[in-house]
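Input: a single structure, listed below in structure tokens.
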Amino acid sequence: MARRNHDDDLLMEDELTAAFLGDDDLATAADEPVGDDSMGPAVSDWDDEEPVPGQLAVDVYETKDKLVVKARTAGVNKNDLDVSISDNTLSVRGTLSAGNEDDVENYFVQECYWGEFSRSIALPVPVKEEEIEAMLKDGVLTISFAKVKQDTVKKIEVL
């Protein structure tokens with residue numbers, strides 16, 4: 001068990017480790033290499049992985065008559081967007097091109113996502129699939145659906 005150091009009343013590093021690991025875990029923790037696979041893939045392994053499409057962030061809300069889906073798609077040409085609906089599920093796919101960067105020798109920071117993206121959303125309310133409007137303006141894709149009118153509550157007689 002952990003004990004306090006009498007000199008400065010703080011836990012020593014080994015004692016702190018023992019306080020968080022059980023006595024059985026302490027012996028094995030010291031023997032494990034730092035780059036163990038349990039910590040996730042090593043940085044050198046990342047280069048070998050297949051690229052995964054990015055997921056498009058969306059806002060979904062409703063008004064009295066419409067269901068609206070908005071997505072920030074700045075830098076995407078409308079010809080590079082594929083928007084479809086099937087069985088009340090909206091799918092948006094596209095490609096965000098970084099342009100021609102053949103002359104780049106070294107990145108110092110690369111945080112922007114470039115490449116394919118997609119998103120499928122099960123729509124939360126029934127919509128009229130024949131009454132859909134999609135508009136790309138100022139880097140925002142807005143898709144509006146006319147909602148199916150829900151009848152008022154209908155009383156059901158129990159037999």
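Following the order of the structure tokens, first chain is A, next is B, and so on, with residues numbered from 1 inside each chain and ligands from 1 in the order they appear.
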
Item to check | Nearby residues (only C-alpha atoms) at most 8 Å from Gly115 of chain A, same-chain spacing under 2 positions excluded, as number ranges by chain | outcome: A: 53-54, 95-98, 113, 117

Checklist entry - If we count only C-alpha atoms, what is near Ala74 of chain A at a cut-off of 7 Å, once residues fewer than 2 positions away on the same chain are taken out, given as a count of residues only? => result 4

Next on the checklist: According to DSSP computed on the backbone, where in segment 43-155 of chain A is there strand (DSSP E or B)? Give the residues as a PyMOL selection string.
Outcome noted: chain A and resi 54-55+58-62+66-72+81-86+89-96+115-122+127-137+140-147

Next on the checklist: Would you pick out the contacts of segment 126-132 of chain A at 7 Å or less, using only C-alpha atoms, so that residues sharing its chain but fewer than 4 positions from it are not included, and give the list as a list in words?
Outcome noted: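 Returned residues: Asn88, Ser144, Phe145, Ala146, Lys147 and Val148 of chain A.
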
Would you mind exporting C-alpha atoms of the selected residues as a PDB file, in the first residue's frame?
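Written output follows (out.pdb):
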ATOM      1  CA  ASN A  88     -36.878   8.030 -44.850  1.00  0.00           C
ATOM      2  CA  SER A 144     -35.744  21.183 -46.514  1.00  0.00           C
ATOM      3  CA  PHE A 145     -38.443  18.517 -46.476  1.00  0.00           C
ATOM      4  CA  ALA A 146     -42.185  19.027 -46.405  1.00  0.00           C
ATOM      5  CA  LYS A 147     -43.490  17.059 -43.423  1.00  0.00           C
ATOM      6  CA  VAL A 148     -46.311  14.574 -43.792  1.00  0.00           C
TER       7      VAL A 148
END

Next on the checklist: Using only C-alpha atoms, can you tell me which of A:Gln150, A:Thr63, A:Ser91, A:Asn77 comes closest to Arg119 of chain A?
Outcome noted: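 That would be A:Ser91, the residue with the smallest distance to Arg119 of chain A.
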
Checklist outcome for this item: Using only C-alpha atoms, the residue out of A:Leu136, A:Glu157, A:Val104, A:Ser118 with shortest distance to Gly75 of chain A is A:Leu136

Near-Ala71 of chain A list (9 Å; only C-alpha atoms; drop same-chain fewer than 2 positions) as a PDB file with C-alpha atoms, in the first residue's frame:
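out_25.pdb was written with the following content:
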ATOM      1  CA  LEU A  56     -20.321  15.316 -42.065  1.00  0.00           C
ATOM      2  CA  ALA A  57     -21.598  17.298 -39.055  1.00  0.00           C
ATOM      3  CA  VAL A  58     -25.267  18.266 -39.328  1.00  0.00           C
ATOM      4  CA  ASP A  59     -28.028  20.190 -37.580  1.00  0.00           C
ATOM      5  CA  VAL A  60     -31.519  18.705 -37.866  1.00  0.00           C
ATOM      6  CA  VAL A  69     -31.089  19.498 -42.295  1.00  0.00           C
ATOM      7  CA  THR A  73     -19.808  22.213 -46.517  1.00  0.00           C
ATOM      8  CA  GLY A 139     -20.748  27.031 -47.670  1.00  0.00           C
ATOM      9  CA  VAL A 140     -23.919  25.727 -45.990  1.00  0.00           C
ATOM     10  CA  LEU A 141     -25.964  22.906 -47.490  1.00  0.00           C
ATOM     11  CA  THR A 142     -29.619  23.277 -46.474  1.00  0.00           C
ATOM     12  CA  ILE A 143     -32.063  20.486 -47.246  1.00  0.00           C
TER      13      ILE A 143
END

Next on the checklist: Rounded to one decimal, what separation in Å do you get between atom CA of Glu133 of chain A and atom CA of Lys70 of chain A?
Outcome noted: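 Atom-to-atom, atom CA of Glu133 of chain A and atom CA of Lys70 of chain A are spaced 11.8 Å apart.
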
Item to check | Length of the atom CA of Val68 of chain A to atom CA of Met135 of chain A vector [Å] | outcome: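 So the two atoms, atom CA of Val68 of chain A and atom CA of Met135 of chain A, lie 11.3 Å apart.
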
Checklist entry - What's the 7 Å shell around Ser120 of chain A, counting only C-alpha atoms, without same-chain residues fewer than 4 positions away, as an NGL selection string? => result :A and (89-92)

Checklist outcome for this item: Between atom CA of Asn79 of chain A and atom CA of Gly94 of chain A lies a distance of 8.8 Å
